[in-house]
$ cat input33.txt   # compact mmCIF, C-alpha atoms and all ligand atoms
# COMPACT_ATOMS: atom_id res chain seq x y z
CA MET A 23 10.93 0.88 -23.49
CA GLU A 24 7.96 0.65 -25.78
CA ASN A 25 9.79 -1.46 -28.35
CA PHE A 26 11.04 -3.70 -25.63
CA MET A 27 7.47 -4.18 -24.39
CA ASN A 28 6.26 -4.98 -27.88
CA ILE A 29 8.49 -7.99 -28.02
CA PHE A 30 6.81 -9.88 -25.26
CA LEU A 31 3.41 -8.27 -24.88
CA LEU A 32 1.44 -9.90 -27.62
CA GLY A 33 -2.29 -10.14 -28.03
CA ASP A 34 -4.58 -7.99 -25.89
CA VAL A 35 -2.06 -6.63 -23.50
CA PRO A 36 -1.44 -3.00 -24.42
CA ASN A 37 2.13 -1.94 -24.83
CA ASP A 38 2.41 1.02 -22.52
CA LEU A 39 3.92 0.97 -19.08
CA VAL A 40 0.74 2.01 -17.26
CA SER A 41 -1.31 -0.85 -18.71
CA PHE A 42 1.55 -3.25 -18.29
CA THR A 43 1.92 -2.49 -14.58
CA PHE A 44 -1.84 -2.85 -14.08
CA PHE A 45 -1.61 -6.25 -15.75
CA ILE A 46 1.42 -7.43 -13.79
CA GLY A 47 -0.04 -5.89 -10.63
CA THR A 48 -3.21 -7.97 -11.01
CA MET A 49 -1.19 -11.17 -11.41
CA ALA A 50 1.16 -10.35 -8.54
CA MET A 51 -1.70 -9.55 -6.14
CA MET A 52 -3.52 -12.75 -7.12
CA ALA A 53 -0.43 -14.90 -6.70
CA ALA A 54 0.42 -13.29 -3.37
CA SER A 55 -3.15 -13.88 -2.12
CA VAL A 56 -2.96 -17.57 -2.96
CA PHE A 57 0.37 -17.80 -1.17
CA PHE A 58 -0.82 -16.00 1.97
CA PHE A 59 -4.13 -17.90 2.17
CA LEU A 60 -2.30 -21.22 1.81
CA SER A 61 0.14 -20.12 4.54
CA LEU A 62 -2.44 -19.44 7.26
CA ASP A 63 -0.97 -22.18 9.42
CA ALA A 64 2.65 -21.40 8.62
CA GLY A 65 4.85 -21.92 11.67
CA GLY A 66 2.08 -23.69 13.57
CA GLY A 67 -0.75 -21.19 13.07
CA LYS A 68 0.17 -18.76 15.86
CA TRP A 69 -0.13 -15.84 13.45
CA ARG A 70 -3.16 -17.16 11.59
CA THR A 71 -5.23 -13.96 11.86
CA SER A 72 -2.30 -11.82 10.73
CA MET A 73 -1.72 -14.12 7.75
CA LEU A 74 -5.42 -13.97 6.90
CA VAL A 75 -5.35 -10.17 6.95
CA SER A 76 -2.26 -10.23 4.70
CA GLY A 77 -4.16 -12.36 2.21
CA LEU A 78 -7.19 -10.08 2.39
CA ILE A 79 -5.04 -7.03 1.66
CA THR A 80 -3.61 -8.52 -1.54
CA PHE A 81 -6.93 -10.13 -2.50
CA ILE A 82 -8.85 -6.85 -2.22
CA ALA A 83 -6.10 -5.24 -4.28
CA ALA A 84 -6.25 -8.04 -6.87
CA VAL A 85 -9.96 -7.41 -7.41
CA HIS A 86 -9.43 -3.66 -7.75
CA TYR A 87 -6.46 -4.16 -10.06
CA TYR A 88 -8.60 -6.40 -12.24
CA TYR A 89 -11.09 -3.53 -12.61
CA MET A 90 -8.45 -0.82 -12.92
CA ARG A 91 -6.65 -2.78 -15.62
CA ASP A 92 -9.90 -2.91 -17.59
CA ALA A 93 -10.87 0.70 -16.91
CA ASN A 94 -7.42 1.87 -17.96
CA VAL A 95 -7.51 -0.08 -21.21
CA SER A 96 -10.86 1.47 -22.09
CA GLY A 97 -9.48 4.93 -21.35
CA ALA A 98 -11.45 5.49 -18.14
CA ASP A 99 -10.13 7.19 -15.03
CA VAL A 100 -9.04 4.80 -12.26
CA THR A 101 -8.88 7.30 -9.40
CA PHE A 102 -12.12 6.16 -7.81
CA PHE A 103 -11.20 2.44 -7.81
CA ARG A 104 -7.73 3.34 -6.60
CA TYR A 105 -9.01 5.13 -3.52
CA VAL A 106 -11.71 2.55 -2.78
CA ASP A 107 -8.91 -0.03 -2.78
CA TRP A 108 -6.74 2.10 -0.47
CA ILE A 109 -9.55 2.99 1.94
CA LEU A 110 -10.09 -0.76 2.45
CA THR A 111 -6.52 -2.03 2.42
CA VAL A 112 -4.66 0.72 4.31
CA PRO A 113 -6.81 0.32 7.47
CA LEU A 114 -6.14 -3.43 7.24
CA MET A 115 -2.43 -2.62 7.28
CA CYS A 116 -3.07 -0.63 10.47
CA VAL A 117 -4.83 -3.73 11.84
CA GLU A 118 -1.64 -5.70 11.15
CA PHE A 119 0.27 -3.42 13.53
CA TYR A 120 -2.36 -3.94 16.18
CA LEU A 121 -2.37 -7.72 15.69
CA ILE A 122 1.37 -8.20 16.02
CA LEU A 123 1.45 -5.98 19.14
CA ALA A 124 -1.74 -7.33 20.73
CA LYS A 125 0.11 -9.94 22.78
CA ALA A 126 2.41 -7.19 24.09
CA GLY A 127 -0.65 -5.28 25.30
CA ALA A 128 -1.63 -3.05 22.35
CA THR A 129 -5.10 -1.55 22.75
CA LYS A 130 -7.84 -1.11 20.18
CA LYS A 131 -7.39 2.62 20.75
CA LEU A 132 -3.99 2.41 19.09
CA MET A 133 -5.53 0.62 16.13
CA TRP A 134 -8.27 3.25 15.76
CA GLN A 135 -5.75 6.09 16.00
CA LEU A 136 -3.79 4.61 13.10
CA ILE A 137 -6.96 3.96 11.11
CA GLY A 138 -8.16 7.51 11.81
CA LEU A 139 -4.90 9.08 10.64
CA SER A 140 -4.73 6.93 7.51
CA THR A 141 -8.34 7.80 6.70
CA VAL A 142 -7.56 11.54 6.92
CA MET A 143 -4.51 10.90 4.70
CA LEU A 144 -6.54 9.10 2.04
CA VAL A 145 -9.69 11.26 2.07
CA ALA A 146 -7.54 14.39 1.74
CA GLY A 147 -5.59 12.71 -1.07
CA TYR A 148 -8.79 11.87 -2.93
CA ILE A 149 -10.17 15.39 -2.57
CA GLY A 150 -6.80 16.72 -3.74
CA GLU A 151 -6.66 14.51 -6.81
CA THR A 152 -10.24 15.14 -7.89
CA GLY A 153 -10.67 18.81 -6.87
CA ASP A 154 -9.08 22.18 -7.51
CA SER A 155 -6.67 22.37 -4.56
CA PRO A 156 -4.19 19.51 -4.90
CA VAL A 157 -1.43 21.31 -2.99
CA LEU A 158 -3.60 22.18 0.01
CA TYR A 159 -5.11 18.72 0.32
CA GLY A 160 -1.86 16.98 -0.53
CA THR A 161 -0.26 18.89 2.34
CA ILE A 162 -3.04 17.91 4.76
CA SER A 163 -2.63 14.31 3.62
CA GLY A 164 1.13 14.56 4.09
CA ILE A 165 0.75 15.89 7.63
CA ALA A 166 -1.47 12.93 8.59
CA TYR A 167 1.14 10.63 7.04
CA PHE A 168 3.98 12.23 9.03
CA VAL A 169 2.01 11.98 12.28
CA MET A 170 1.55 8.28 11.57
CA VAL A 171 5.25 7.79 10.82
CA GLY A 172 6.18 9.64 14.03
CA MET A 173 3.78 7.62 16.10
CA LEU A 174 5.03 4.29 14.78
CA TRP A 175 8.74 5.16 14.90
CA LEU A 176 8.80 7.02 18.21
CA GLY A 177 5.51 6.55 20.03
CA SER A 178 3.81 4.03 22.29
CA PRO A 179 3.54 1.22 19.69
CA LYS A 180 7.33 1.28 19.36
CA ALA A 181 7.65 0.83 23.13
CA LEU A 182 5.29 -2.15 22.99
CA ALA A 183 7.30 -3.73 20.20
CA GLU A 184 10.48 -3.30 22.24
CA LYS A 185 8.75 -4.90 25.20
CA ALA A 186 7.75 -7.86 23.02
CA GLY A 187 11.28 -8.13 21.59
CA GLY A 188 12.52 -11.02 19.43
CA SER A 189 10.86 -11.74 16.14
CA VAL A 190 7.91 -9.45 16.92
CA LEU A 191 10.27 -6.50 17.27
CA GLU A 192 12.02 -7.50 14.06
CA ALA A 193 8.71 -7.68 12.19
CA TYR A 194 7.59 -4.38 13.71
CA ASN A 195 10.79 -2.64 12.62
CA ALA A 196 10.47 -4.05 9.10
CA LEU A 197 6.89 -2.77 8.85
CA CYS A 198 8.04 0.64 10.12
CA TRP A 199 10.54 0.81 7.25
CA PHE A 200 7.75 0.01 4.81
CA ILE A 201 5.75 2.90 6.26
CA LEU A 202 8.67 5.32 6.09
CA VAL A 203 10.24 4.37 2.76
CA GLY A 204 7.63 2.25 0.96
CA TRP A 205 4.75 4.61 1.64
CA SER A 206 6.77 7.68 0.64
CA ILE A 207 6.49 6.39 -2.94
CA TYR A 208 2.85 7.52 -3.00
CA PRO A 209 3.33 11.27 -2.46
CA ILE A 210 5.85 11.17 -5.33
CA GLY A 211 3.16 9.69 -7.58
CA TYR A 212 0.71 12.31 -6.33
CA MET A 213 3.09 15.16 -7.15
CA ILE A 214 3.66 13.73 -10.62
CA GLY A 215 -0.08 13.52 -11.22
CA THR A 216 -1.12 16.90 -9.82
CA ASP A 217 0.01 20.48 -10.52
CA GLY A 218 1.63 23.05 -8.31
CA TRP A 219 4.64 21.17 -6.95
CA TYR A 220 8.37 21.55 -7.40
CA ASP A 221 9.77 21.15 -10.89
CA PHE A 222 11.98 18.21 -9.98
CA VAL A 223 8.97 15.90 -9.98
CA ASP A 224 8.28 16.77 -13.61
CA ALA A 225 11.69 15.34 -14.44
CA ILE A 226 10.61 11.90 -13.25
CA PRO A 227 9.76 10.01 -16.45
CA LEU A 228 7.00 7.91 -14.92
CA ASP A 229 3.25 8.23 -14.93
CA MET A 230 1.42 8.67 -11.62
CA ASP A 231 -0.29 5.29 -12.03
CA VAL A 232 3.00 3.50 -12.65
CA VAL A 233 4.38 4.95 -9.42
CA TYR A 234 1.25 3.99 -7.48
CA ASN A 235 1.32 0.47 -8.96
CA ILE A 236 4.96 0.00 -7.97
CA GLY A 237 4.15 1.31 -4.49
CA ASP A 238 1.24 -1.08 -4.07
CA ALA A 239 3.25 -4.11 -5.16
CA ILE A 240 6.12 -3.29 -2.80
CA ASN A 241 3.97 -2.40 0.18
CA LYS A 242 1.08 -4.84 0.04
CA ILE A 243 3.11 -7.90 -0.84
CA GLY A 244 6.01 -6.74 1.35
CA PHE A 245 3.76 -6.37 4.40
CA GLY A 246 2.48 -9.91 3.90
CA LEU A 247 5.98 -11.31 3.54
CA VAL A 248 7.04 -9.65 6.81
CA ILE A 249 4.11 -11.35 8.54
CA TYR A 250 4.94 -14.67 6.87
CA ASN A 251 8.52 -14.31 8.03
CA LEU A 252 7.28 -13.65 11.57
CA ALA A 253 5.05 -16.73 11.42
CA VAL A 254 7.82 -19.09 10.38
CA SER A 255 10.44 -17.59 12.71
CA LYS A 256 11.40 -19.42 15.90
C1 LIG A 301 -1.97 -0.53 -0.41
C2 LIG A 301 -2.03 0.86 -0.47
C3 LIG A 301 -1.25 1.72 0.24
C4 LIG A 301 -0.22 1.24 1.21
C5 LIG A 301 -1.46 3.11 0.03
C6 LIG A 301 -0.82 4.09 0.66
C7 LIG A 301 -1.06 5.42 0.31
C8 LIG A 301 -0.40 6.52 0.81
C9 LIG A 301 0.65 6.38 1.86
C10 LIG A 301 -0.75 7.81 0.28
C11 LIG A 301 -0.25 8.96 0.70
C12 LIG A 301 -0.50 10.30 0.17
C13 LIG A 301 0.23 11.34 0.74
C14 LIG A 301 1.14 11.12 1.92
C15 LIG A 301 0.18 12.75 0.26
C16 LIG A 301 -0.45 12.87 -1.10
C17 LIG A 301 -1.70 12.07 -1.21
C18 LIG A 301 -1.50 10.58 -0.97
C19 LIG A 301 -2.87 10.04 -0.62
C20 LIG A 301 -1.01 9.94 -2.27
$ encode --input "input33.txt" --output "structure tokens"
Amino acid sequence: MENFMNIFLLGDVPNDLVSFTFFIGTMAMMAASVFFFLSLDAGGGKWRTSMLVSGLITFIAAVHYYYMRDANVSGADVTFFRYVDWILTVPLMCVEFYLILAKAGATKKLMWQLIGLSTVMLVAGYIGETGDSPVLYGTISGIAYFVMVGMLWLGSPKALAEKAGGSVLEAYNALCWFILVGWSIYPIGYMIGTDGWYDFVDAIPLDMDVVYNIGDAINKIGFGLVIYNLAVSK
């Protein structure tokens, strides 16, 4: 892999996978932001606010990736930037659920429940990564994550999406898959980066930051594309 990287990564770009994914991640988040911001009125502008939030999610990530890319190159720890990014962008992803269901009667309460659960998930994750009890806090974080998954797949928001039907239901279901599959990438990264978990994670030949960077690209850009698809659908 390293030789392969050397071929096309000339100049200042370091030739390890972590730095490379920070670099590509920065570009991808920037490009996605431009695309989402220029698509605010896609499909007639009915989903303008949702498109705006999509652009904000990738834009906030682009700024953090810019810093993380730098911090990583200079050998500094990126955990703090990483979690500041998540604590801003993950609640915005919860807002996306609220926005697409608002016309079907979603309440702000639903939005705050999702934000509350995701905040518990991320605060516990941060304490776990930076403290002495990664397994305990990782488990707490995982429980909050599972409650969120259960709520979205089986709870009242699901019923609202079914009531709305059509392209809203399609978008809702796509976002639910991102939460179930896309978001499950993160606990894998966490187990790679912290001690005390099953041995099988040690067999994964990727660094924690590479896994997180892949997760961010899939989920943040993917979320925005689902919204874009909703906006341009009939
Ligand atoms: C754009 C950033 C996103 C979508 C970040 C999502 C992060 C998670 C779903 C993190 C989840 C975690 C667990 C479920 C357990 C271990 C600790 C975390 C915080 C990595």
$ residues_near_ligand --input "input33.txt" --ligand "ligand LIG 301 (chain A)" --cutoff "7 Å" --atoms "all atoms listed in the file" --output "count of residues only"
22
$ residues_around --input "input33.txt" --residues "Ile137 (chain A)" --least-positions-apart "4" --cutoff "7 Å" --atoms "all atoms listed in the file" --output "NGL selection string"
:A and (113 or 116 or 133 or 141)
$ axis_aligned_box --input "input33.txt" --around "region 86-89 of chain A" --padding-each-side "4 Å" --output "AutoDock Vina command-line options"
--center_x -8.8 --center_y -5.0 --center_z -10.2 --size_x 12.6 --size_y 10.9 --size_z 12.9
$ closest_residue --input "input33.txt" --among "A:Thr129, A:Ser76, A:Thr101, A:Thr71" --to "Gly215 (chain A)" --atoms "only C-alpha atoms"
A:Thr101
$ residues_around --input "input33.txt" --residues "Phe44 (chain A)" --least-positions-apart "6" --cutoff "12 Å" --atoms "all atoms listed in the file" --output "ChimeraX atom specification"
/A:35-38,50-51,83-95,100,104,231-236,238-239
$ residues_around --input "input33.txt" --residues "Trp199 (chain A)" --least-positions-apart "5" --cutoff "12 Å" --atoms "all atoms listed in the file" --output "PyMOL selection string"
chain A and resi 171-172+174-175+192-194+204-206+240-241+244-245+248
$ residues_around --input "input33.txt" --residues "Ile249 (chain A)" --least-positions-apart "3" --cutoff "7 Å" --atoms "all atoms listed in the file" --output "ChimeraX atom specification"
/A:72-73,193,245-246,252-253
$ residues_around --input "input33.txt" --residues "Leu74 (chain A)" --least-positions-apart "4" --cutoff "9 Å" --atoms "all atoms listed in the file" --output "PyMOL selection string"
chain A and resi 58-59+61-62+69-70+78-79
$ atom_distance --input "input33.txt" --atom1 "CA of Lys131 (chain A)" --atom2 "CA of Ile162 (chain A)"
22.5 Å
$ closest_residue --input "input33.txt" --among "A:Val40, A:Val169, A:Ile122, A:Val117" --to "Asp229 (chain A)" --atoms "all atoms listed in the file"
A:Val40
$ atom_distance --input "input33.txt" --atom1 "CA of Ile46 (chain A)" --atom2 "CA of Val75 (chain A)"
22.0 Å
$ atom_distance --input "input33.txt" --atom1 "CA of Phe200 (chain A)" --atom2 "CA of Gly177 (chain A)"
16.7 Å
$ closest_residue --input "input33.txt" --among "A:Gln135, A:Ser178, A:Thr216, A:Ser96" --to "Val157 (chain A)" --atoms "only C-alpha atoms"
A:Thr216
$ decode --input "input33.txt" --residues "region 153-179 of chain A" --atoms "N, CA and C atoms" --output "short mmCIF file (atom, residue, chain, number, x, y, z; two decimals), in the first residue's frame"
data_model
loop_
_atom_site.label_atom_id
_atom_site.label_comp_id
_atom_site.auth_asym_id
_atom_site.auth_seq_id
_atom_site.Cartn_x
_atom_site.Cartn_y
_atom_site.Cartn_z
N GLY A 153 -10.06 8.56 28.59
CA GLY A 153 -9.88 8.16 29.99
C GLY A 153 -9.37 6.75 30.15
N ASP A 154 -9.60 6.20 31.35
CA ASP A 154 -9.05 4.88 31.68
C ASP A 154 -10.06 3.74 31.52
N SER A 155 -11.31 4.05 31.19
CA SER A 155 -12.33 2.99 31.13
C SER A 155 -13.02 2.92 29.76
N PRO A 156 -12.24 2.60 28.72
CA PRO A 156 -12.83 2.62 27.38
C PRO A 156 -13.97 1.62 27.20
N VAL A 157 -13.88 0.47 27.89
CA VAL A 157 -14.93 -0.55 27.70
C VAL A 157 -16.23 -0.09 28.34
N LEU A 158 -16.14 0.41 29.57
CA LEU A 158 -17.35 0.89 30.25
C LEU A 158 -18.02 2.00 29.45
N TYR A 159 -17.26 3.02 29.08
CA TYR A 159 -17.87 4.15 28.38
C TYR A 159 -18.26 3.81 26.94
N GLY A 160 -17.49 2.93 26.34
CA GLY A 160 -17.86 2.47 25.00
C GLY A 160 -19.19 1.73 25.03
N THR A 161 -19.41 0.97 26.12
CA THR A 161 -20.67 0.24 26.26
C THR A 161 -21.83 1.21 26.47
N ILE A 162 -21.62 2.21 27.32
CA ILE A 162 -22.67 3.22 27.54
C ILE A 162 -23.01 3.89 26.21
N SER A 163 -21.96 4.25 25.48
CA SER A 163 -22.15 4.90 24.18
C SER A 163 -22.93 3.99 23.25
N GLY A 164 -22.56 2.71 23.25
CA GLY A 164 -23.23 1.74 22.39
C GLY A 164 -24.69 1.57 22.73
N ILE A 165 -25.01 1.62 24.02
CA ILE A 165 -26.42 1.49 24.43
C ILE A 165 -27.23 2.67 23.88
N ALA A 166 -26.68 3.89 24.03
CA ALA A 166 -27.38 5.07 23.50
C ALA A 166 -27.58 4.93 21.98
N TYR A 167 -26.56 4.40 21.32
CA TYR A 167 -26.65 4.19 19.87
C TYR A 167 -27.77 3.20 19.54
N PHE A 168 -27.83 2.09 20.28
CA PHE A 168 -28.86 1.08 20.00
C PHE A 168 -30.26 1.62 20.26
N VAL A 169 -30.40 2.43 21.31
CA VAL A 169 -31.72 3.02 21.59
C VAL A 169 -32.14 3.90 20.41
N MET A 170 -31.18 4.65 19.89
CA MET A 170 -31.47 5.50 18.73
C MET A 170 -31.90 4.68 17.52
N VAL A 171 -31.14 3.62 17.25
CA VAL A 171 -31.46 2.74 16.12
C VAL A 171 -32.87 2.17 16.29
N GLY A 172 -33.18 1.69 17.50
CA GLY A 172 -34.49 1.10 17.78
C GLY A 172 -35.60 2.11 17.58
N MET A 173 -35.36 3.32 18.07
CA MET A 173 -36.37 4.36 17.94
C MET A 173 -36.66 4.67 16.47
N LEU A 174 -35.59 4.81 15.68
CA LEU A 174 -35.77 5.19 14.29
C LEU A 174 -36.36 4.06 13.44
N TRP A 175 -35.95 2.83 13.76
CA TRP A 175 -36.42 1.69 12.95
C TRP A 175 -37.82 1.24 13.35
N LEU A 176 -38.15 1.38 14.65
CA LEU A 176 -39.39 0.76 15.12
C LEU A 176 -40.34 1.74 15.81
N GLY A 177 -39.87 2.93 16.13
CA GLY A 177 -40.65 3.82 16.97
C GLY A 177 -41.56 4.79 16.23
N SER A 178 -41.94 5.85 16.93
CA SER A 178 -42.91 6.80 16.39
C SER A 178 -42.43 7.52 15.12
N PRO A 179 -41.14 7.84 14.97
CA PRO A 179 -40.73 8.49 13.72
C PRO A 179 -40.99 7.61 12.50
#
